[in-house]
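Asks: What follows is a single structure, and I will ask about it in a moment.
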Amino acid sequence: MVITAGNATQYSDFEISLTSINIATGSQSYPIPVTIIDDNDDESSEQFTLTLISFDADVIVQVQSTTVTIVDNDVSAIVPPTPGKGTVINGQSLG
Ligand SMILES: [Ca+2]
Ligand SMILES: [Ca+2]
């Protein structure tokens, strides 16, 4: 199994503890646990790709890959303006 980081970073944005898997003969699926790391960065969606390959020349697999998209759930912090000259608070001008 090959993990190709797009704009997502292993151990910062996601974590996959498996580096290889053994699929039983005749099996057509295998669960691969992926932990998505919930950071606090306001950012675009991030992606990485998993590709299944065989390291055994006697085992032929149809090379397949899937791309996972992590959708960001953070929003920018709204910073209130600092009162200063030209600022009006409750009808009173500060300058
Ligand atoms: Ca992130
Ligand atoms: Ca984020």
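Lettering and numbering for the structure tokens are positional, with chains as A, B, ... in the shown order, residues counted from 1 in each chain, and ligands counted from 1 in the shown order.
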How close does each residue of chain A get to ligand 1, giving the shortest atom pair and distance in Å to one decimal for every residue with an atom at most 9 Å away, counting only C-alpha atoms and all ligand atoms, sorted by chain and residue number, as CSV?
Replies:
residue,atom,partner,partner_atom_place_in_ligand_line,distance
A:Asn7,CA,ligand 1,1 (Ca),8.9
A:Ala8,CA,ligand 1,1 (Ca),6.7
A:Thr9,CA,ligand 1,1 (Ca),7.7
A:Ser12,CA,ligand 1,1 (Ca),6.7
A:Asp13,CA,ligand 1,1 (Ca),4.7
A:Phe14,CA,ligand 1,1 (Ca),8.2
A:Ile36,CA,ligand 1,1 (Ca),9.0
A:Ile37,CA,ligand 1,1 (Ca),7.3
A:Asp38,CA,ligand 1,1 (Ca),7.0
A:Asp39,CA,ligand 1,1 (Ca),5.6
A:Asn40,CA,ligand 1,1 (Ca),7.6
A:Asp41,CA,ligand 1,1 (Ca),6.2
A:Asp42,CA,ligand 1,1 (Ca),8.0
A:Glu43,CA,ligand 1,1 (Ca),6.7
A:Ser44,CA,ligand 1,1 (Ca),8.2
A:Ser45,CA,ligand 1,1 (Ca),7.9
A:Glu46,CA,ligand 1,1 (Ca),6.8
A:Ile70,CA,ligand 1,1 (Ca),7.9
A:Val71,CA,ligand 1,1 (Ca),8.8
A:Asp72,CA,ligand 1,1 (Ca),7.0
Asks: Based on the backbone DSSP call, show me all residues of range 1-94 of chain A assigned strand (DSSP E or B), as a tab-separated table (two decimals) with C-alpha atoms, in the first residue's frame.
Replies:
chain	number	residue	atom	x	y	z
A	2	VAL	CA	1.37	3.39	-0.95
A	3	ILE	CA	0.21	6.61	0.67
A	4	THR	CA	0.65	9.67	-1.50
A	5	ALA	CA	0.16	12.92	0.33
A	10	GLN	CA	0.56	12.36	7.36
A	14	PHE	CA	-4.32	12.23	9.03
A	15	GLU	CA	-2.72	9.06	10.31
A	35	THR	CA	-7.58	8.75	11.72
A	36	ILE	CA	-8.37	12.30	10.65
A	46	GLU	CA	-6.91	18.56	1.92
A	47	GLN	CA	-6.38	15.31	0.07
A	48	PHE	CA	-4.26	12.18	0.10
A	49	THR	CA	-4.29	9.08	-2.04
A	50	LEU	CA	-4.06	5.40	-1.11
A	51	THR	CA	-2.84	3.03	-3.78
A	52	LEU	CA	-2.96	-0.75	-3.45
A	64	GLN	CA	-6.46	0.60	-7.63
A	65	SER	CA	-6.27	3.83	-5.78
A	66	THR	CA	-8.63	6.10	-3.98
A	67	THR	CA	-8.33	9.74	-3.04
A	68	VAL	CA	-9.59	10.87	0.35
A	69	THR	CA	-10.67	14.47	0.87
A	70	ILE	CA	-10.59	16.03	4.34
A	88	VAL	CA	-17.24	56.20	17.33
A	89	ILE	CA	-18.37	54.18	20.35
A	92	GLN	CA	-18.90	59.42	21.29
A	93	SER	CA	-16.09	60.11	18.88
Asks: Which value, in Å to one decimal, gives the distance between CA of Gly6 in chain A and CA of Asp56 in chain A?
Replies: 26.6 Å
Asks: With a distance cut-off of 12 Å and only C-alpha atoms, select the neighbouring residues of Pro31 in chain A, excluding the residue or stretch itself and same-chain residues fewer than 2 positions from it, and output the selection as an MDAnalysis selection string.
Replies: chainID A and resid 16 18 20:23 27:29 33:34
Asks: What is the atom 1 (Ca, counted along the ligand's line) of ligand 2-CA of Pro80 in chain A distance in Å, reported with one decimal?
Replies: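 One can read the atom 1 (Ca, counted along the ligand's line) of ligand 2 to CA of Pro80 in chain A distance as 22.1 Å.
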Asks: Tell me which protein, DNA and RNA residues are within 7 Å of Ile53 in chain A, counting only C-alpha atoms, leaving out same-chain ones fewer than 2 positions away, and put them as a PyMOL selection string.
Replies: chain A and resi 1+51+55+61+63
Asks: May I ask for the distance between CA of Thr25 in chain A and CA of Ser54 in chain A, given in Å to one decimal place?
Replies: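 Distance reported for this atom pair: 13.4 Å.
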